[in-house]
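Here's the structure, in structure tokens; my notes come after.
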Amino acid sequence: MPQTIIVLDFGSQYTQVIARRIREANVFSSVLPYNSKLSEIRKQNPVGIILSGGPASVFAKSSPKPNPGIFKLGIPILGICYGLQLMGKMLGGEVKSSDRREYGRGTLNITRKGTLFNGLPSKLAVWNSHGDSLAKMPTGFRVLAKTENSSFAAIEDEKRNFFGLQFHPEVEHSEKGVIVLKNFLTRVCGCKGDWDMGDFLNSSIQKIREVVGKERVILGLSGGVDSSVAAALIHQAIGEQLTCIFVDNGLLRLNERDQVKTLFENHIPGKLLISKTGSLFLKRLKGVKDPEKKRKIIGKTFIEVFDLEVSKLGKIDFLAQGTLYPDVIESVPVGGNPAALIKSHHNVGGLPKRMKLRLLEPLRELFKDEVRNLGRKMGLPESVLLRHPFPGPGLGVRVVGDLSHTKLKILREADHIFIDELFKHKLYHRLWQAFCVFLPVRSVGVMGDERTYENVICLRAVTSSDAMTADWAQLPDKFLRNVSNRIINEVKGANRVVYDISSKPPGTIEWE
Ligand code: XMP
């Protein structure tokens, strides 16, 4: 068993960021609900415990509290934000409620370095987000640092190895926060830092085997990073008990179905079912112009097709999904049992309840770059791991207005040229997303001596870190000129190319 740090989750949106920072320090971490039984905690034989932050106030009647026995286990404990206040109160100190919330950047004045601030300067810019603060430390503690609004912004009890931080060392805006956490891990808990993604892979495989037993699992494969890594991982764990279903909805990019097939043949040699149902989707979408209606039809038809494929397979118990942590980050509730509620939030892609499938989400603790690393460990190709996101409704939301075979063909060919050129010029990986949009506009042109009256292709390329906000990418003029020339010359049915220079907000990345 690797050296383990347990993070008790009190509902902070940063809990998994703490876990991630621990993994980055090559230490194994396990996030447990705040009210985990002492026996469950002991079972993991942790070398340290971190109490996360949380939105509750220690004064609230229903405020989440850990089993007080954790303070008697004889292992180091670090409380962060709400975790500090909780520890202060439970060990006999005093917390005061303040009407002045300390939120955002502040200066931490370090008066005593102790173990946590070893090797750090005496002033640090840190990120705060709290209303209550500690007014009196419990016996045995001494102060390490202050901020403008809190006299006890960092405290330690050297004898018992209990520590508290009012700020969030885990967030990027906290200067040297990572070092503070590392000091806790290595200098206090004695972590060796010898854990890595390979260990994650092995323990995930074991966990999947335990959970699934002899049952069968289905996974809806999109060909993107998340579902491909999830498929490879689950396949390594349970082999033929996994069946992947890839729905070709007729709204895929050029050669996409073949790429998924090749990925499977070369890297995930398990059962892959390809459902070629493009004509059904296109039939239902015929004449539909409204973007929301299109999305709904595509979503509903997908579920129908998926359901039908599953029903042919006999008894299935689990639905696997490549859900990542950022997909669930917004669902952490105030109070209650965060871990339990995170699960109930999760939609099962709208699958009918009678299917009674249990969810298997082996990537739900990871961030995108960690998933890519995991994929690398399993030998998946970079072309899959570094792929741009592609929306579920596919080209259905990239042909503006109603769809037709001809429009889709034009869009596919143009898009292929754009992406091909981005790769050739080593620009693809600098972008969050790049694609073409088919505009239902015809314009006059001239080719050779002939007048043309054809369609418009719009190029869309954006930079972003999370798709919540995005900026249009400043691609080189020469590059754009070349792409435009190639599309107009090579794609029959397109005679004009435009470049979208709208940011998000107010625009969105996709057009529909
Ligand atoms: P927007 O257009 O809202 O897109 O700025 C933000 C990100 O989400 C992707 N997107 C989707 N992904 N199903 C998906 O799986 C969808 O229905 C969907 N719609 C948009 C989009 O490509 C971008 O990365």
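Identifiers in this document derive from the order of the structure tokens: chains are assigned A, B, ..., residues are numbered from 1 separately in each chain, and ligands are numbered from 1 in order of occurrence.
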
What lies within 12 Å of Arg412 in chain A using only C-alpha atoms, ignoring chain neighbours under 3 positions off, as JSON, numbers by chain?
{"A": [250, 251, 252, 253, 254, 255, 256, 394, 395, 396, 398, 399, 405, 406, 407, 408, 409, 415, 416, 417, 418, 419, 420, 435, 436, 437, 438, 457, 487, 491, 492, 493, 494]}

Using only C-alpha atoms, determine which residues lie at most 6 Å from range 275-288 of chain A, disregarding the query and same-chain residues fewer than 5 positions distant; provide the list as a PyMOL selection string.
chain A and resi 247-250+402

Give me the residues of chain A that have any atom at most 10 Å from an atom of ligand 1; for each, the nearest atom pair and the distance in Å, rounded to one decimal. Use only C-alpha atoms and all ligand atoms, sort by chain and number, and format it as a Markdown table.
```
| residue | atom | partner | partner_atom_place_in_ligand_line | distance |
| --- | --- | --- | --- | --- |
| A:Ser222 | CA | ligand 1 | 15 (O) | 9.2 |
| A:Gly224 | CA | ligand 1 | 15 (O) | 9.7 |
| A:Arg295 | CA | ligand 1 | 17 (O) | 7.1 |
| A:Lys296 | CA | ligand 1 | 17 (O) | 9.5 |
| A:Ile298 | CA | ligand 1 | 17 (O) | 9.4 |
| A:Gly299 | CA | ligand 1 | 17 (O) | 8.4 |
| A:His388 | CA | ligand 1 | 24 (O) | 7.9 |
| A:Pro389 | CA | ligand 1 | 24 (O) | 5.3 |
| A:Phe390 | CA | ligand 1 | 22 (O) | 5.0 |
| A:Pro391 | CA | ligand 1 | 12 (N) | 3.5 |
| A:Gly392 | CA | ligand 1 | 13 (N) | 3.9 |
| A:Pro393 | CA | ligand 1 | 17 (O) | 5.5 |
| A:Gly394 | CA | ligand 1 | 16 (C) | 7.9 |
| A:Gly396 | CA | ligand 1 | 17 (O) | 9.9 |
| A:Val397 | CA | ligand 1 | 19 (N) | 8.0 |
| A:Arg398 | CA | ligand 1 | 22 (O) | 9.9 |
| A:Trp432 | CA | ligand 1 | 24 (O) | 7.8 |
| A:Gln433 | CA | ligand 1 | 24 (O) | 6.9 |
| A:Ala434 | CA | ligand 1 | 22 (O) | 9.4 |
| A:Phe435 | CA | ligand 1 | 22 (O) | 9.5 |
| A:Val462 | CA | ligand 1 | 24 (O) | 9.6 |
| A:Ser464 | CA | ligand 1 | 24 (O) | 9.3 |
| A:Asp466 | CA | ligand 1 | 24 (O) | 8.2 |
| A:Ala467 | CA | ligand 1 | 6 (C) | 5.0 |
| A:Met468 | CA | ligand 1 | 6 (C) | 6.6 |
| A:Thr469 | CA | ligand 1 | 5 (O) | 7.6 |
| A:Ala470 | CA | ligand 1 | 5 (O) | 7.8 |
| A:Ser503 | CA | ligand 1 | 5 (O) | 9.5 |
| A:Lys504 | CA | ligand 1 | 5 (O) | 6.7 |
| A:Pro505 | CA | ligand 1 | 5 (O) | 8.2 |
| A:Pro506 | CA | ligand 1 | 5 (O) | 9.6 |
| A:Gly507 | CA | ligand 1 | 5 (O) | 7.3 |
| A:Thr508 | CA | ligand 1 | 5 (O) | 3.7 |
| A:Ile509 | CA | ligand 1 | 5 (O) | 3.7 |
| A:Glu510 | CA | ligand 1 | 2 (O) | 3.6 |
| A:Trp511 | CA | ligand 1 | 2 (O) | 6.5 |
| A:Glu512 | CA | ligand 1 | 2 (O) | 7.0 |
```

Which residues, written as JSON, numbers by chain, have at least one atom at most 12 Å from Gly106 in chain A, with only C-alpha atoms counted and residues fewer than 5 positions away on the same chain left out?
{"A": [101, 123, 124, 125, 126, 127, 128, 129, 130, 146, 147, 148, 149, 150, 153, 166, 167, 168, 173, 174, 175]}

May I have the selected residues written with N, CA, C and O atoms, as a compact mmCIF listing (two decimals), in the first residue's frame?
```
# COMPACT_ATOMS: atom_id res chain seq x y z
N ARG A 101 -15.91 39.71 5.26
CA ARG A 101 -15.38 38.53 4.60
C ARG A 101 -14.03 38.85 4.00
O ARG A 101 -13.84 39.92 3.43
N LYS A 123 6.97 37.24 3.57
CA LYS A 123 5.68 37.76 3.08
C LYS A 123 5.28 36.98 1.83
O LYS A 123 6.11 36.77 0.94
N LEU A 124 4.02 36.56 1.80
CA LEU A 124 3.54 35.81 0.62
C LEU A 124 2.18 36.34 0.20
O LEU A 124 1.36 36.70 1.06
N ALA A 125 1.97 36.40 -1.11
CA ALA A 125 0.63 36.77 -1.59
C ALA A 125 -0.20 35.49 -1.59
O ALA A 125 0.18 34.50 -2.21
N VAL A 126 -1.31 35.50 -0.84
CA VAL A 126 -2.10 34.27 -0.75
C VAL A 126 -3.57 34.53 -1.07
O VAL A 126 -4.02 35.67 -1.08
N TRP A 127 -4.30 33.46 -1.32
CA TRP A 127 -5.70 33.53 -1.72
C TRP A 127 -6.59 33.13 -0.54
O TRP A 127 -6.45 32.05 0.02
N ASN A 128 -7.47 34.04 -0.16
CA ASN A 128 -8.37 33.79 0.97
C ASN A 128 -9.81 33.68 0.50
O ASN A 128 -10.18 34.28 -0.52
N SER A 129 -10.60 33.02 1.26
CA SER A 129 -12.03 32.98 0.98
C SER A 129 -12.75 32.51 2.24
O SER A 129 -13.07 31.35 2.40
N HIS A 130 -12.91 33.43 3.20
CA HIS A 130 -13.57 33.01 4.45
C HIS A 130 -14.31 34.16 5.11
O HIS A 130 -13.97 35.34 4.91
N LYS A 146 0.06 35.94 10.03
CA LYS A 146 -1.17 36.76 10.14
C LYS A 146 -1.51 37.35 8.77
O LYS A 146 -0.63 37.49 7.92
N THR A 147 -2.76 37.74 8.64
CA THR A 147 -3.12 38.59 7.50
C THR A 147 -3.84 39.79 8.10
O THR A 147 -4.06 39.85 9.32
N GLU A 148 -4.24 40.71 7.26
CA GLU A 148 -4.88 41.93 7.74
C GLU A 148 -6.09 41.61 8.62
O GLU A 148 -6.32 42.22 9.65
N ASN A 149 -6.87 40.60 8.20
CA ASN A 149 -8.10 40.28 8.91
C ASN A 149 -8.01 39.10 9.85
O ASN A 149 -8.97 38.79 10.53
N SER A 150 -6.93 38.35 9.84
CA SER A 150 -6.86 37.27 10.81
C SER A 150 -5.52 37.20 11.51
O SER A 150 -4.47 37.18 10.88
N ALA A 153 -3.65 33.33 10.93
CA ALA A 153 -3.80 32.85 9.55
C ALA A 153 -3.06 31.55 9.31
O ALA A 153 -3.35 30.82 8.36
N GLN A 166 -5.41 29.48 7.16
CA GLN A 166 -6.66 30.15 6.85
C GLN A 166 -6.80 30.37 5.34
O GLN A 166 -7.89 30.43 4.80
N PHE A 167 -5.67 30.49 4.65
CA PHE A 167 -5.72 30.71 3.19
C PHE A 167 -5.72 29.36 2.47
O PHE A 167 -5.60 28.31 3.09
N HIS A 168 -5.85 29.43 1.15
CA HIS A 168 -5.88 28.19 0.34
C HIS A 168 -4.54 27.97 -0.34
O HIS A 168 -4.28 28.56 -1.40
N HIS A 173 -3.28 30.99 -7.27
CA HIS A 173 -3.02 32.38 -6.88
C HIS A 173 -2.26 32.47 -5.56
O HIS A 173 -1.85 33.56 -5.19
N SER A 174 -2.13 31.39 -4.82
CA SER A 174 -1.38 31.46 -3.57
C SER A 174 0.10 31.20 -3.84
O SER A 174 0.50 30.08 -4.17
N GLU A 175 0.88 32.27 -3.69
CA GLU A 175 2.31 32.19 -3.98
C GLU A 175 2.98 31.15 -3.07
O GLU A 175 2.78 31.19 -1.85
```

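Atom pair CA of Cys244 in chain A / CA of Lys300 in chain A: separated by 19.4 Å.
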